[in-house]
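Source file: target_35.txt; contents: compact mmCIF, C-alpha atoms and all ligand atoms.
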```txt
# COMPACT_ATOMS: atom_id res chain seq x y z
CA MET A 1166 128.14 93.31 85.54
CA ASN A 1167 127.84 94.79 89.03
CA LYS A 1168 127.16 92.43 91.86
CA ILE A 1169 123.53 92.76 93.02
CA VAL A 1170 122.34 93.04 96.60
CA VAL A 1171 118.64 93.18 97.46
CA TYR A 1172 118.08 95.63 100.30
CA ARG A 1173 115.04 94.84 102.45
CA THR A 1174 113.51 95.69 105.81
CA THR A 1175 114.11 92.11 106.91
CA THR A 1176 116.40 89.25 106.00
CA LYS A 1177 113.81 86.60 106.84
CA PRO A 1178 113.58 84.08 104.00
CA LYS A 1179 109.97 84.88 103.12
CA GLY A 1180 107.86 87.35 101.21
CA SER A 1181 108.24 89.12 97.90
CA GLY A 1182 111.61 90.76 98.67
CA HIS A 1183 113.01 87.30 99.30
CA ARG A 1184 111.47 86.05 96.06
CA LEU A 1185 113.11 88.90 94.18
CA ALA A 1186 116.52 88.16 95.69
CA GLN A 1187 116.16 84.50 94.74
CA ALA A 1188 115.12 85.32 91.20
CA LEU A 1189 118.10 87.67 90.83
CA ASN A 1190 120.32 85.08 92.46
CA ALA A 1191 121.46 87.83 94.83
CA PRO A 1192 121.98 87.99 98.58
CA SER A 1193 119.46 90.02 100.54
CA CYS A 1194 120.36 92.27 103.41
CA ALA A 1195 118.82 94.71 105.89
CA SER A 1196 120.13 98.05 107.15
CA GLY A 1197 122.36 96.90 109.97
CA ILE A 1198 123.34 93.62 108.41
CA LEU A 1199 126.21 93.43 105.96
CA PRO A 1200 125.45 91.75 102.67
CA LYS A 1201 126.77 88.21 102.75
CA ASN A 1202 129.79 87.35 100.56
CA THR A 1203 130.07 90.89 99.23
CA GLY A 1204 133.53 92.26 98.73
CA PHE A 1205 133.36 95.99 99.41
CA ASP A 1206 135.92 96.81 96.78
CA GLU A 1207 133.70 95.65 93.92
CA PRO A 1208 130.93 97.80 92.41
CA ILE A 1209 127.48 96.78 93.59
CA THR A 1210 123.92 97.53 92.57
CA ILE A 1211 121.63 97.90 95.55
CA VAL A 1212 118.10 96.89 94.57
CA ASN A 1213 116.04 98.56 97.26
CA TYR A 1214 112.83 96.68 97.91
CA GLY A 1215 110.81 99.32 99.77
CA TYR A 1216 113.22 100.40 102.53
CA SER A 1217 113.31 104.12 103.40
CA ALA A 1218 116.36 103.94 105.72
CA ILE A 1219 119.97 104.51 104.63
CA PRO A 1220 121.93 101.24 104.91
CA GLN A 1221 124.28 101.42 107.88
CA TRP A 1222 126.96 99.63 105.84
CA LEU A 1223 126.82 102.11 102.95
CA SER A 1224 129.98 104.04 103.86
CA MET A 1225 131.93 100.78 103.53
CA MET A 1226 131.02 100.50 99.84
CA ASP A 1227 133.49 101.94 97.36
CA GLU A 1228 131.24 102.09 94.36
CA TYR A 1229 127.53 101.49 94.19
CA GLU A 1230 124.35 102.37 92.34
CA VAL A 1231 120.89 102.27 93.88
CA ILE A 1232 117.71 101.16 92.18
CA ASN A 1233 115.00 103.00 94.14
CA HIS A 1234 116.73 105.44 96.43
CA TRP A 1235 115.73 105.42 100.12
CA ASP A 1236 114.81 109.13 99.95
CA ALA A 1237 112.34 108.46 97.15
CA ILE A 1238 110.90 105.51 99.05
CA ARG A 1239 110.21 107.87 101.95
CA LEU A 1240 107.83 109.86 99.70
CA SER A 1241 105.95 106.73 98.76
CA VAL A 1242 105.63 105.36 102.26
CA ASP A 1243 103.85 108.46 103.58
CA LYS A 1244 100.68 108.87 101.55
CA ARG A 1245 100.58 112.63 102.30
CA LEU A 1246 104.03 113.12 100.77
CA THR A 1247 103.03 110.94 97.82
CA PHE A 1248 99.99 113.09 96.99
CA GLN A 1249 101.98 116.30 97.53
CA ALA A 1250 104.67 115.18 95.06
CA LEU A 1251 102.04 114.05 92.55
CA ASN A 1252 100.20 117.38 92.78
CA ASP A 1253 103.46 119.32 92.45
CA ASN A 1254 104.14 117.45 89.21
CA ASP A 1255 100.59 117.65 87.83
CA VAL A 1256 100.05 113.91 87.98
CA PRO A 1257 96.33 113.18 88.42
CA CYS A 1258 95.69 111.61 91.82
CA LEU A 1259 92.97 111.35 94.45
CA GLU A 1260 91.88 114.69 95.86
CA TYR A 1261 93.28 114.89 99.37
CA THR A 1262 93.49 117.07 102.44
CA VAL A 1263 95.06 116.88 105.88
CA SER A 1264 92.48 119.34 107.24
CA LYS A 1265 89.59 117.85 109.14
CA ASP A 1266 87.50 120.96 108.43
CA THR A 1267 88.00 120.62 104.68
CA ALA A 1268 87.12 116.92 104.85
CA GLN A 1269 84.02 117.80 106.89
CA SER A 1270 82.96 120.34 104.27
CA TRP A 1271 83.21 117.64 101.54
CA CYS A 1272 81.06 115.41 103.71
CA ASP A 1273 78.54 118.19 104.40
CA ASP A 1274 78.30 118.76 100.63
CA GLY A 1275 77.09 115.18 100.26
CA TYR A 1276 80.31 113.34 99.33
CA HIS A 1277 81.80 110.18 100.72
CA VAL A 1278 85.21 110.71 102.29
CA ILE A 1279 87.95 108.20 103.03
CA ALA A 1280 89.67 108.97 106.33
CA ARG A 1281 93.10 107.44 106.97
CA THR A 1282 94.05 107.20 110.58
CA GLU A 1283 97.48 105.88 109.53
CA VAL A 1284 99.37 107.35 106.57
CA ALA A 1285 102.12 104.77 106.40
CA ALA A 1286 99.85 101.73 106.60
CA SER A 1287 99.04 99.10 104.02
CA LYS A 1288 96.51 96.31 103.46
CA GLY A 1289 93.59 98.59 104.28
CA LYS A 1290 94.76 99.38 107.81
CA GLY A 1291 93.40 102.62 109.21
CA ILE A 1292 90.83 103.19 106.44
CA VAL A 1293 87.46 104.61 107.47
CA VAL A 1294 84.74 105.16 104.87
CA VAL A 1295 82.80 108.24 106.02
CA GLU A 1296 79.19 108.49 104.85
CA PRO A 1297 77.89 111.84 103.54
CA TYR A 1298 76.33 114.16 106.14
CA THR A 1299 78.06 112.46 109.07
CA SER A 1300 81.00 113.57 111.22
CA VAL A 1301 84.49 112.88 109.93
CA PRO A 1302 86.78 111.29 112.52
CA GLU A 1303 90.20 112.59 113.54
CA ALA A 1304 92.67 111.30 110.94
CA GLU A 1305 96.09 112.00 109.41
CA LEU A 1306 94.79 112.19 105.85
CA TYR A 1307 91.47 112.38 104.01
CA THR A 1308 90.75 111.63 100.37
CA ALA A 1309 87.60 112.45 98.46
CA TRP A 1310 85.75 109.34 97.30
CA TYR A 1311 86.58 108.55 93.67
CA ASP A 1312 83.78 106.65 91.97
CA LYS A 1313 86.01 104.18 90.19
CA THR A 1314 84.79 101.45 87.90
CA ASP A 1315 88.24 99.81 87.61
CA GLU A 1316 91.42 99.47 89.58
CA HIS A 1317 94.82 98.46 88.21
CA ARG A 1318 98.26 97.81 89.60
CA VAL A 1319 100.70 99.06 86.98
CA HIS A 1320 104.31 97.98 87.37
CA VAL A 1321 106.70 100.58 85.99
CA PHE A 1322 110.45 100.32 85.56
CA ARG A 1323 112.43 103.37 84.36
CA GLY A 1324 109.74 104.94 82.23
CA GLU A 1325 108.18 101.77 80.92
CA VAL A 1326 105.18 99.68 81.90
CA ILE A 1327 106.56 96.17 82.47
CA ALA A 1328 103.42 94.41 83.78
CA VAL A 1329 99.76 95.23 84.42
CA GLN A 1330 97.36 93.64 86.84
CA GLN A 1331 93.71 94.42 87.45
CA LYS A 1332 91.71 93.92 90.62
CA VAL A 1333 88.78 91.56 90.10
CA PRO A 1334 86.38 89.96 92.60
CA MET A 1335 87.60 86.56 93.82
CA HIS A 1336 85.56 83.44 93.17
CA GLU A 1337 82.63 83.01 95.59
CA ASP A 1338 83.85 79.59 96.76
CA TYR A 1339 87.23 81.05 97.65
CA LEU A 1340 85.59 83.97 99.46
CA GLU A 1341 83.60 81.49 101.56
CA GLU A 1342 86.58 79.24 102.18
CA LYS A 1343 88.58 82.21 103.45
CA ASN A 1344 85.62 83.51 105.44
CA PHE A 1345 85.96 86.97 103.89
CA THR A 1346 83.11 89.43 103.37
CA TYR A 1347 82.99 91.05 99.97
CA ASN A 1348 83.34 94.85 99.93
CA ASP A 1349 82.91 96.78 96.71
CA ASP A 1350 84.45 100.06 97.93
CA ILE A 1351 87.81 99.09 99.41
CA CYS A 1352 89.22 96.61 96.94
CA ASN A 1353 91.80 94.54 98.78
CA TYR A 1354 92.38 90.84 99.34
CA HIS A 1355 90.53 90.59 102.65
CA ASN A 1356 87.55 92.31 101.04
CA GLY A 1357 87.37 89.71 98.28
CA TRP A 1358 89.61 91.13 95.54
CA ILE A 1359 92.51 89.51 93.70
CA PHE A 1360 94.97 90.67 91.09
CA ALA A 1361 94.13 89.36 87.64
CA SER A 1362 95.98 89.62 84.36
CA LYS A 1363 95.02 89.44 80.72
CA HIS A 1364 96.20 85.81 80.79
CA SER A 1365 94.45 84.68 83.97
CA HIS A 1366 91.15 86.51 83.31
CA PRO A 1367 90.93 87.34 79.58
CA ASP A 1368 87.18 87.86 79.88
CA MET A 1369 87.41 90.44 82.68
CA PHE A 1370 90.71 92.18 82.05
CA ARG A 1371 90.75 95.54 80.32
CA TYR A 1372 93.39 98.21 80.08
CA ASP A 1373 93.93 101.59 78.48
CA LYS A 1374 97.19 103.40 77.75
CA LYS A 1375 95.93 106.37 79.79
CA ILE A 1376 96.33 104.22 82.90
CA GLY A 1377 99.92 103.37 82.01
CA THR A 1378 100.79 107.01 81.32
CA VAL A 1379 99.50 108.08 84.74
CA ALA A 1380 101.59 105.33 86.37
CA ILE A 1381 104.77 106.24 84.45
CA ASN A 1382 104.36 109.91 85.36
CA ALA A 1383 103.73 109.05 89.02
CA THR A 1384 106.88 106.92 89.22
CA LYS A 1385 108.89 109.79 87.76
CA ALA A 1386 107.31 112.41 90.04
CA LEU A 1387 108.20 110.29 93.06
CA GLY A 1388 111.80 109.95 91.91
CA LEU A 1389 111.55 106.17 91.74
CA ASP A 1390 113.15 103.74 89.30
CA TYR A 1391 110.40 101.20 89.78
CA CYS A 1392 107.04 101.01 91.45
CA GLY A 1393 103.70 99.21 91.51
CA VAL A 1394 101.27 102.08 91.03
CA ASP A 1395 97.63 101.62 92.01
CA VAL A 1396 95.53 103.48 89.48
CA LEU A 1397 91.76 103.98 89.80
CA SER A 1398 89.81 104.70 86.62
CA ILE A 1399 86.33 105.48 85.36
CA TRP A 1400 85.11 103.69 82.24
CA THR A 1401 81.93 104.41 80.27
CA GLY A 1402 79.16 101.86 79.72
CA THR A 1403 80.47 101.44 76.19
CA GLY A 1404 83.91 100.39 77.44
CA LYS A 1405 85.94 103.60 77.07
CA CYS A 1406 88.38 104.70 79.76
CA LYS A 1407 87.35 108.27 80.57
CA GLU A 1408 89.97 109.14 83.21
CA ALA A 1409 92.50 107.66 85.59
CA VAL A 1410 94.05 108.80 88.88
CA VAL A 1411 96.78 107.52 91.19
CA CYS A 1412 95.57 106.02 94.47
CA GLU A 1413 98.85 104.75 95.87
CA SER A 1414 102.42 103.85 95.01
CA ASN A 1415 103.87 100.57 96.23
CA THR A 1416 107.65 100.36 96.47
CA ALA A 1417 107.49 96.83 97.85
CA PRO A 1418 104.90 95.43 95.46
CA ALA A 1419 103.69 91.86 95.89
CA LEU A 1420 105.64 89.57 93.56
CA GLY A 1421 103.73 86.35 94.15
CA THR A 1422 102.49 86.22 90.56
CA PRO A 1423 105.21 84.68 88.38
CA PHE A 1424 104.86 87.01 85.38
CA VAL A 1425 105.23 90.07 87.60
CA LEU A 1426 108.34 88.68 89.31
CA GLU A 1427 109.78 87.77 85.91
CA ALA A 1428 109.10 91.26 84.56
CA TYR A 1429 111.03 92.90 87.43
CA THR A 1430 113.86 90.39 87.26
CA LYS A 1431 114.31 90.94 83.54
CA ALA A 1432 114.09 94.74 83.82
CA ILE A 1433 116.62 94.88 86.66
CA LEU A 1434 119.12 92.54 84.99
CA GLU A 1435 118.88 94.44 81.70
CA SER A 1436 119.46 97.76 83.44
CA ILE A 1437 122.67 96.73 85.20
CA LYS A 1438 125.95 97.35 83.49
N1 LIG B 1501 89.45 108.02 97.72
C1 LIG B 1501 89.17 106.78 97.33
N2 LIG B 1501 88.17 106.57 96.42
C2 LIG B 1501 87.85 105.31 96.01
N3 LIG B 1501 88.47 104.20 96.48
C3 LIG B 1501 89.47 104.34 97.38
C4 LIG B 1501 89.88 105.62 97.83
N4 LIG B 1501 90.90 105.45 98.73
C5 LIG B 1501 91.11 104.12 98.81
N5 LIG B 1501 90.25 103.44 98.00
C6 LIG B 1501 90.12 101.98 97.91
O1 LIG B 1501 90.75 101.44 99.05
C7 LIG B 1501 91.82 100.53 98.67
C8 LIG B 1501 92.96 100.64 99.65
O2 LIG B 1501 93.51 101.94 99.59
P1 LIG B 1501 95.06 102.18 99.44
O3 LIG B 1501 95.27 103.65 99.39
O4 LIG B 1501 95.61 101.38 98.32
O5 LIG B 1501 95.58 101.68 100.85
P2 LIG B 1501 96.43 100.43 101.33
O6 LIG B 1501 97.73 101.05 101.71
O7 LIG B 1501 95.68 99.91 102.48
O8 LIG B 1501 96.55 99.48 100.17
C9 LIG B 1501 92.17 100.92 97.25
O9 LIG B 1501 92.73 99.82 96.59
C10 LIG B 1501 90.82 101.36 96.70
O10 LIG B 1501 90.04 100.23 96.31
MG MG B 1502 96.81 99.60 98.08
```
Show this structure as C-alpha cells.
Amino acid sequence: MNKIVVYRTTTKPKGSGHRLAQALNAPSCASGILPKNTGFDEPITIVNYGYSAIPQWLSMMDEYEVINHWDAIRLSVDKRLTFQALNDNDVPCLEYTVSKDTAQSWCDDGYHVIARTEVAASKGKGIVVVEPYTSVPEAELYTAWYDKTDEHRVHVFRGEVIAVQQKVPMHEDYLEEKNFTYNDDICNYHNGWIFASKHSHPDMFRYDKKIGTVAINATKALGLDYCGVDVLSIWTGTGKCKEAVVCESNTAPALGTPFVLEAYTKAILESIK
C-alpha cells in the first residue's frame, strides 16, 4: 500500500485535518513543509484536506496519487466557481448571480436575497440577508433565497454516500450556555444549529435518496474525490422530499463526529492500492 500523507493548510496539531491524519496514522504536511519521514522514492498518496495550492515539495516526489486535487479544491473554495461548475453540469443548486442589478431585480420582485460580501468565506462570514423591496448591498455573489425545510451535509467519496448528517436546532440549554441567538434562516453553529445523525437524533432525522444523488453529482461536477456537500431541500407536510439543491461544497469538512471521521478513514484506506 502507498504511504499516506495528509496535505493541509497548516501543520498545527489541531482541527479536523489533524484528526484525519491521526486516524490514518499518517504524517500531515503543509505546502512548504516536507512530509516528515517520507522517502521520496516510494509511492505516496496525498490526501488533500481542503488545500488549493500545489505542494512546493511535489517535484521531489517520484510517484504519487492525489485524493482531491488542488485544482478541484479551487473550484469549491470560490462559491462563484462552484455554482458555475454545477450549472455547467446540470446539477441543481441555488440560483445565483454576480450582478448587483439582477439581484436588485429579484429583490424588487419581492424575493429575499442572500448577498455574500466574501466568496471564499466559511462559518457564515460575509452573509447578508436582504429583505424584499430594499436595496441590495455591494457584494461578490448573490443567491436567491431558497425556502428550505431541511438541510443536510452529505459526505461523498468516489461516487458513494459514506455518511449523512442533518442540521437540527441545538438544545435550548446549550444555546443559552453558549450565549447564541437562534436564527432560522442561516443554519450554522453560532445561530443555534448542530449536525445530527440518524443515531443521535432518530426522532428528527430524515433523509431521501434524492439528496444523496444531488451530492454525488455535485462532487463529480467539481472534479472531487470526496466532499461534504451541503444540500438544502423542501419536504411536503406529509413527509415527502419534493426537491433538493446544492448550497455549498466543503472540501475540509468538520470531522469532529466519530462516525463521519470513521467513514472517511475507511473509504480512504480501502481506495489505496
Ligand atoms: N440562498 C439561500 N437560501 C436559503 N438558505 C441559505 C442560502 N444561502 C445560504 N443559506 C443558509 O446559510 C447557511 C450558510 O451558507 P453557506 O453557503 O453554507 O456558507 P458558509 O460558507 O458560511 O457555511 C447555509 O447553511 C444555509 O442555512
Ligand atoms: Mg456551510
For this session: Enumerate as a ChimeraX atom specification the residues within 8 Å of ligand MG 1502 (chain B), counting all atoms listed in the file.
Result: /A:1287-1289,1353,1395,1412-1415
Problem set entry | Distance criterion (only C-alpha atoms and all ligand atoms): nearest to ligand LIG 1501 (chain B) out of A:Pro1418, A:Gly1275, A:Gly1197, A:Gly1324 |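 Among A:Pro1418, A:Gly1275, A:Gly1197, A:Gly1324, it is A:Pro1418 that comes nearest to ligand LIG 1501 (chain B).
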For this session: Check the smallest atom-to-atom distance from each of A:Glu1325, A:Glu1228, A:Asp1273, A:Asp1349 to Val1295 of chain A using all atoms listed in the file, then report the winner.
Result: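 Using all atoms listed in the file, Val1295 of chain A sits closest to A:Asp1273.
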For this session: List all protein, DNA and RNA residues that have an atom no more than 10 Å from any atom of ligand LIG 1501 (chain B), counting only C-alpha atoms and all ligand atoms, and report them as a PyMOL selection string.
Result: chain A and resi 1242-1244+1258-1261+1277-1281+1283-1294+1307-1318+1332+1348-1354+1356+1358+1394-1398+1410-1415
For this session: Determine, counting all atoms listed in the file, which protein, DNA and RNA residues have an atom within 10 Å of an atom of Trp1400 of chain A; residues of the same chain fewer than 3 positions away are not included. Present the result as a list in words.
Result: Lys1313, Thr1314, Asp1315, Asp1373, Thr1403, Gly1404, Lys1405, Cys1406, Lys1407, Glu1408 and Ala1409 of chain A
Exercise. Out of A:His1234, A:Ala1361, A:His1320, A:Tyr1172, which residue has the shortest atom-to-atom distance to Thr1378 of chain A when counting only C-alpha atoms?
Worked result: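 Closest candidate: A:His1320.
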Problem set entry | Gap from atom CA of Arg1323 of chain A to atom CA of Thr1384 of chain A - Å, one decimal |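 Interatomic distance, atom CA of Arg1323 of chain A to atom CA of Thr1384 of chain A: 8.2 Å.
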For this session: For atom CA of Thr1247 of chain A and atom CA of Gly1388 of chain A, determine how far apart the two atoms are, in Å to one decimal place.
Result: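 According to the coordinates, atom CA of Thr1247 of chain A and atom CA of Gly1388 of chain A are separated by 10.6 Å.
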Problem set entry | Pairwise distance for atom CA of Phe1345 of chain A and atom CA of Ile1359 of chain A, rounded to one decimal in Å |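 One can read the atom CA of Phe1345 of chain A to atom CA of Ile1359 of chain A distance as 12.4 Å.
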Problem set entry | Residue with smallest distance to Glu1435 of chain A - pool A:Ile1376, A:Phe1322, A:Ala1237, A:Glu1305, counting only C-alpha atoms |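 Checking each of A:Ile1376, A:Phe1322, A:Ala1237, A:Glu1305 against Glu1435 of chain A, counting only C-alpha atoms, the winner is A:Phe1322.
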Exercise. Which one is closest to His1364 of chain A: A:Ala1386, A:Ile1238, A:Ala1328, A:Val1263? Count all atoms listed in the file.
Worked result: A:Ala1328
Seminar exercise, completed: Residue with the minimum atom-to-atom distance to Leu1185 of chain A, picked from A:Ile1437, A:Glu1342, A:Ile1219, A:Leu1426 with only C-alpha atoms counted, is A:Leu1426
For this session: Show me as an MDAnalysis selection string the residues that reach within 12 Å of (108.9, 89.5, 82.5), counting only C-alpha atoms and using the file's own coordinates.
Result: chainID A and resid 1188 1320:1322 1326:1329 1420 1422:1435
Specify the axis-aligned box that encloses all atoms of segment 1243-1253 of chain A listed in the file after padding of 8 Å on each side, stating its centre and edge lengths in Å to one decimal as lines of an AutoDock Vina configuration file.
```
center_x = 102.3
center_y = 113.9
center_z = 98.0
size_x = 20.7
size_y = 26.9
size_z = 27.1
```
